[in-house]
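Asks: Data file input32.cif (mmCIF, C-alpha atoms) is appended below.
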data_protein
loop_
_atom_site.label_atom_id
_atom_site.label_comp_id
_atom_site.auth_asym_id
_atom_site.auth_seq_id
_atom_site.Cartn_x
_atom_site.Cartn_y
_atom_site.Cartn_z
CA MET A 1 6.78 2.44 6.09
CA LYS A 2 8.10 1.05 2.80
CA ILE A 3 11.80 0.27 3.00
CA ILE A 4 14.33 -1.27 0.65
CA LYS A 5 17.47 -2.64 2.27
CA MET A 6 20.52 -3.59 0.25
CA THR A 7 23.53 -5.40 1.64
CA PHE A 8 26.76 -5.31 -0.36
CA LYS A 9 29.15 -8.01 0.77
CA ALA A 10 32.92 -8.06 0.52
CA ASP A 11 32.77 -10.85 -2.07
CA GLY A 12 31.00 -8.55 -4.52
CA LYS A 13 27.57 -10.11 -4.12
CA PHE A 14 24.60 -8.26 -2.75
CA THR A 15 21.08 -8.89 -1.58
CA LEU A 16 18.01 -6.71 -1.65
CA GLU A 17 15.20 -6.92 0.89
CA THR A 18 11.92 -5.07 0.88
CA SER A 19 9.46 -4.53 3.70
CA GLY A 20 6.25 -2.64 4.33
CA PHE A 21 4.74 -3.26 0.92
CA LYS A 22 1.26 -4.54 0.12
CA GLY A 23 0.45 -7.06 -2.57
CA THR A 24 2.95 -7.13 -5.42
CA ALA A 25 3.94 -3.48 -5.03
CA CYS A 26 7.37 -4.51 -3.75
CA ARG A 27 8.21 -6.08 -7.12
CA GLU A 28 7.13 -2.96 -8.95
CA ALA A 29 9.15 -0.70 -6.65
CA THR A 30 12.37 -2.65 -7.07
CA LYS A 31 11.99 -3.65 -10.72
CA THR A 32 14.04 -0.73 -12.04
CA ILE A 33 16.79 -1.05 -9.47
CA GLU A 34 17.09 -4.80 -9.94
CA ALA A 35 17.35 -4.45 -13.71
CA ALA A 36 19.90 -1.66 -13.38
CA MET A 37 22.06 -3.64 -10.98
CA GLY A 38 22.45 -6.85 -12.88
CA GLU A 39 21.18 -10.38 -13.13
CA VAL A 40 18.67 -11.62 -10.59
CA THR A 41 19.84 -15.01 -9.39
CA GLY A 42 17.17 -15.69 -6.82
CA ARG A 43 14.00 -14.25 -5.27
CA THR A 44 12.07 -15.29 -2.16
CA MET A 45 8.75 -13.81 -1.10
CA LYS A 46 8.66 -13.14 2.62
CA ALA A 47 6.45 -15.14 4.93
CA GLU A 48 4.68 -12.04 6.23
CA ALA A 49 0.94 -11.74 5.42
CA CYS A 50 0.17 -10.66 1.90
CA GLN A 51 -2.07 -7.66 2.35
CA ALA A 52 -4.46 -7.00 -0.47
CA THR A 53 -5.20 -3.41 -1.37
CA GLY A 54 -8.51 -4.07 -3.01
CA VAL A 55 -10.70 -6.58 -4.82
CA GLN A 56 -8.44 -6.65 -7.88
CA GLN A 57 -5.37 -7.50 -5.79
CA GLN A 58 -7.25 -10.26 -3.98
CA GLN A 59 -8.24 -11.82 -7.29
CA LYS A 60 -4.62 -11.82 -8.45
CA ALA A 61 -3.45 -13.39 -5.19
CA GLY A 62 -6.02 -16.16 -5.60
CA GLN A 63 -4.86 -17.16 -9.11
CA MET B 64 4.08 -8.66 0.07
CA SER B 65 7.81 -8.12 0.47
CA HIS B 66 10.71 -10.12 -0.84
CA PHE B 67 14.40 -10.96 -0.85
CA THR B 68 16.37 -10.82 -4.07
CA THR B 69 19.90 -11.96 -4.81
CA ILE B 70 21.56 -10.22 -7.71
CA LYS B 71 24.83 -10.76 -9.53
CA THR B 72 26.21 -7.30 -10.17
CA GLN B 73 26.87 -6.39 -13.78
CA ILE B 74 28.93 -3.33 -14.65
CA LYS B 75 26.69 -1.17 -16.83
CA ASP B 76 27.06 2.41 -15.70
CA ILE B 77 30.37 4.19 -16.18
CA GLU B 78 29.28 7.04 -13.86
CA ALA B 79 28.88 4.52 -11.05
CA VAL B 80 32.31 3.11 -11.94
CA LYS B 81 33.77 6.60 -11.71
CA ALA B 82 32.12 7.16 -8.32
CA ALA B 83 33.44 3.85 -7.00
CA CYS B 84 36.91 4.66 -8.30
CA ALA B 85 36.83 8.12 -6.76
CA GLU B 86 36.12 6.50 -3.41
CA LEU B 87 39.17 4.30 -3.95
CA GLY B 88 41.26 7.31 -5.00
CA LEU B 89 41.49 6.10 -8.60
CA LYS B 90 40.90 7.85 -11.91
CA VAL B 91 39.03 6.61 -14.96
CA GLU B 92 40.24 7.53 -18.44
CA LYS B 93 38.35 7.20 -21.69
CA ASP B 94 39.88 5.50 -24.75
CA ALA B 95 43.14 4.65 -23.07
CA ILE B 96 45.70 1.90 -22.74
CA ALA B 97 45.79 -0.27 -19.61
CA ARG B 98 49.33 -1.17 -18.52
CA GLY B 99 50.12 -4.87 -18.16
CA TYR B 100 53.12 -6.98 -17.22
CA TYR B 101 56.16 -6.68 -19.44
CA GLY B 102 54.48 -4.30 -21.85
CA ASN B 103 51.40 -6.46 -22.39
CA ASP B 104 49.13 -3.47 -22.60
CA LEU B 105 45.42 -3.59 -23.38
CA LYS B 106 43.21 -1.03 -25.03
CA GLY B 107 40.14 -0.03 -23.08
CA GLU B 108 37.02 1.93 -23.88
CA TYR B 109 37.69 3.07 -20.32
CA VAL B 110 40.73 2.43 -18.17
CA ILE B 111 40.92 2.53 -14.41
CA ARG B 112 44.35 3.94 -13.70
CA LEU B 113 45.71 2.15 -10.66
CA LYS B 114 48.48 3.38 -8.40
CA GLY B 115 50.62 0.30 -9.05
CA PRO B 116 52.20 -0.83 -12.34
CA TYR B 117 49.06 -2.28 -13.93
CA ASP B 118 45.62 -0.94 -14.82
CA ILE B 119 42.13 -2.26 -15.51
CA ALA B 120 40.59 -2.06 -18.98
CA LEU B 121 36.82 -1.85 -19.40
CA ASN B 122 35.28 -2.80 -22.72
CA ARG B 123 31.63 -3.16 -23.56
CA ASN B 124 30.54 -6.66 -24.59
CA ALA B 125 27.70 -7.90 -26.78
CA THR B 126 25.18 -7.48 -23.95
CA SER B 127 26.27 -3.87 -23.37
CA THR B 128 27.75 -4.61 -19.97
CA PHE B 129 31.41 -3.91 -19.34
CA ASP B 130 34.00 -6.67 -19.18
CA LEU B 131 36.99 -5.96 -16.95
CA ALA B 132 40.47 -7.11 -17.88
CA THR B 133 43.72 -6.71 -16.01
CA ASP B 134 47.04 -8.35 -15.23
CA TRP B 135 46.85 -10.09 -11.85
CA TYR B 136 50.59 -10.77 -11.72
CA ALA B 137 52.27 -10.32 -8.33
CA GLY B 138 49.11 -9.14 -6.61
CA HIS B 139 49.40 -5.47 -7.57
CA VAL B 140 45.82 -5.15 -8.78
CA GLU B 141 44.37 -7.34 -6.04
CA ARG B 142 45.84 -5.05 -3.40
CA GLU B 143 43.99 -2.04 -4.85
CA VAL B 144 40.59 -3.41 -5.91
CA GLY B 145 40.35 -6.77 -4.14
CA LYS B 146 40.56 -10.34 -5.33
CA GLU B 147 38.55 -10.76 -8.54
CA TYR B 148 37.68 -7.03 -8.37
CA ARG B 149 35.47 -7.67 -5.33
CA ARG B 150 36.09 -4.35 -3.58
CA LEU B 151 35.55 -2.44 -6.83
CA ILE B 152 32.36 -4.36 -7.60
CA GLN B 153 31.10 -3.82 -4.08
CA LEU B 154 31.55 -0.07 -4.33
CA TYR B 155 30.18 0.00 -7.87
CA GLY B 156 27.03 -1.68 -6.60
CA VAL B 157 26.70 0.79 -3.74
CA HIS B 158 27.04 3.78 -6.03
CA LYS B 159 24.85 2.35 -8.78
CA ALA B 160 22.04 1.59 -6.32
CA THR B 161 22.40 5.07 -4.83
CA ILE B 162 22.20 6.70 -8.26
CA GLU B 163 19.09 4.71 -9.18
CA ALA B 164 17.33 5.40 -5.89
CA ARG B 165 18.05 9.13 -5.97
CA ARG B 166 16.90 9.27 -9.59
CA LYS B 167 13.49 8.18 -8.26
CA GLY B 168 13.60 10.83 -5.55
CA TRP B 169 14.17 8.33 -2.76
CA GLN B 170 16.54 8.87 0.16
CA VAL B 171 19.53 6.65 0.74
CA GLN B 172 21.23 5.99 4.08
CA ARG B 173 24.60 4.22 3.97
CA VAL B 174 26.21 2.34 6.85
CA GLN B 175 29.40 0.30 6.90
CA ARG B 176 29.39 -2.76 9.19
CA GLY B 177 32.70 -4.55 9.05
CA GLU B 178 33.32 -5.42 5.42
CA GLU B 179 29.66 -5.09 4.46
CA ILE B 180 28.02 -1.91 3.22
CA HIS B 181 24.34 -1.49 3.98
CA LEU B 182 22.00 0.85 2.15
CA THR B 183 18.56 1.67 3.49
CA ILE B 184 16.30 3.31 0.94
CA ILE B 185 13.35 5.28 2.25
CA GLY B 186 11.02 7.98 1.03
CA LEU B 187 9.09 5.70 -1.29
CA PRO B 188 5.57 6.85 -2.09
CA VAL B 189 2.97 5.73 0.45
#
Go through the file and emit its structure as structure tokens.

Replies:
Amino acid sequence: MKIIKMTFKADGKFTLETSGFKGTACREATKTIEAAMGEVTGRTMKAEACQATGVQQQQKAGQ
Amino acid sequence: MSHFTTIKTQIKDIEAVKAACAELGLKVEKDAIARGYYGNDLKGEYVIRLKGPYDIALNRNATSTFDLATDWYAGHVEREVGKEYRRLIQLYGVHKATIEARRKGWQVQRVQRGEEIHLTIIGLPV
């Protein structure tokens, strides 16, 4: 299941974490929210396996 | 692939500000004067009317985000919205994220753990 988790800390900062996405779909899903919230100061792709959804995705991952 | 993102919250949405203020029991006025120490008042495109003697003025800057200005004297404002507006910004972020997620038709679950507020967004298309 695709999930977006957001943690809002007492110091005013927050982090966003996605899970359950394939390929680069996570970036697409959160693009609007991230832009609406403010300035992205850091992004880390998770170490879980990058699952391709088709030939086109595999080609992009290989670039 | 999934990812972590760190974001510095920018105040952009006055509706989210109003929702955050409502949660704090505060009102937002349009085109008003924010009270400051010893009559040092400040005009605001919006003003968060605090319960103490001073208020917070919001004015849009060149990047269309809102700058906040207030009088921090004697801790009156800090007691209501946190040091450096942290409590207000936290709640603004929670409400802004909720608005954006619901606009997409997603569901939002909110949980408070200590001083942190956690949102879990589900219902994204398969």

Asks: Separation of atom CA of B:Val189 and atom CA of A:Phe21, in Å?

Replies: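 If I compute the distance from atom CA of B:Val189 to atom CA of A:Phe21, I get 9.2 Å.
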
Asks: Have a look at atom CA of B:Val80 and atom CA of A:Ala29 and let me know their distance in Å, one decimal.

Replies: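 For atom CA of B:Val80 relative to atom CA of A:Ala29, the distance reads 24.1 Å.
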
Asks: If we count only C-alpha atoms, what is near stretch 41-47 of chain A at a cut-off of 7 Å, once residues fewer than 6 positions away on the same chain are taken out, given as number ranges by chain?

Replies: B: 64-71

Asks: Between atom CA of B:Leu131 and atom CA of B:Lys81, measure the distance and give it in Å to one decimal.

Replies: 14.0 Å

Asks: Got a sec to resolve the PyMOL selection byres ((chain A) within 6 of (chain B)) on this structure and send the residues as number ranges by chain?

Replies: A: 3-12, 15-19, 21-24, 26, 37-46, 50

Asks: To verify the selection step, state as a ChimeraX atom specification which residues the PyMOL selection byres ((chain B and resi 139) around 12) yields on this input.

Replies: /B:98-100,113-119,133-138,140-146,148

Asks: Counting all atoms listed in the file, what is within 7 Å of B:Ile111, bar same-chain residues fewer than 4 positions away, as a ChimeraX atom specification?

Replies: /B:89-92,118-120

Asks: To box stretch 100-119 of chain B, take all atoms listed in the file, fit an axis-aligned box, add 4 Å on each side, and give centre and edge lengths in Å to one decimal, as AutoDock Vina command-line options.

Replies:
--center_x 46.6 --center_y -1.5 --center_z -16.7 --size_x 27.1 --size_y 18.9 --size_z 24.6
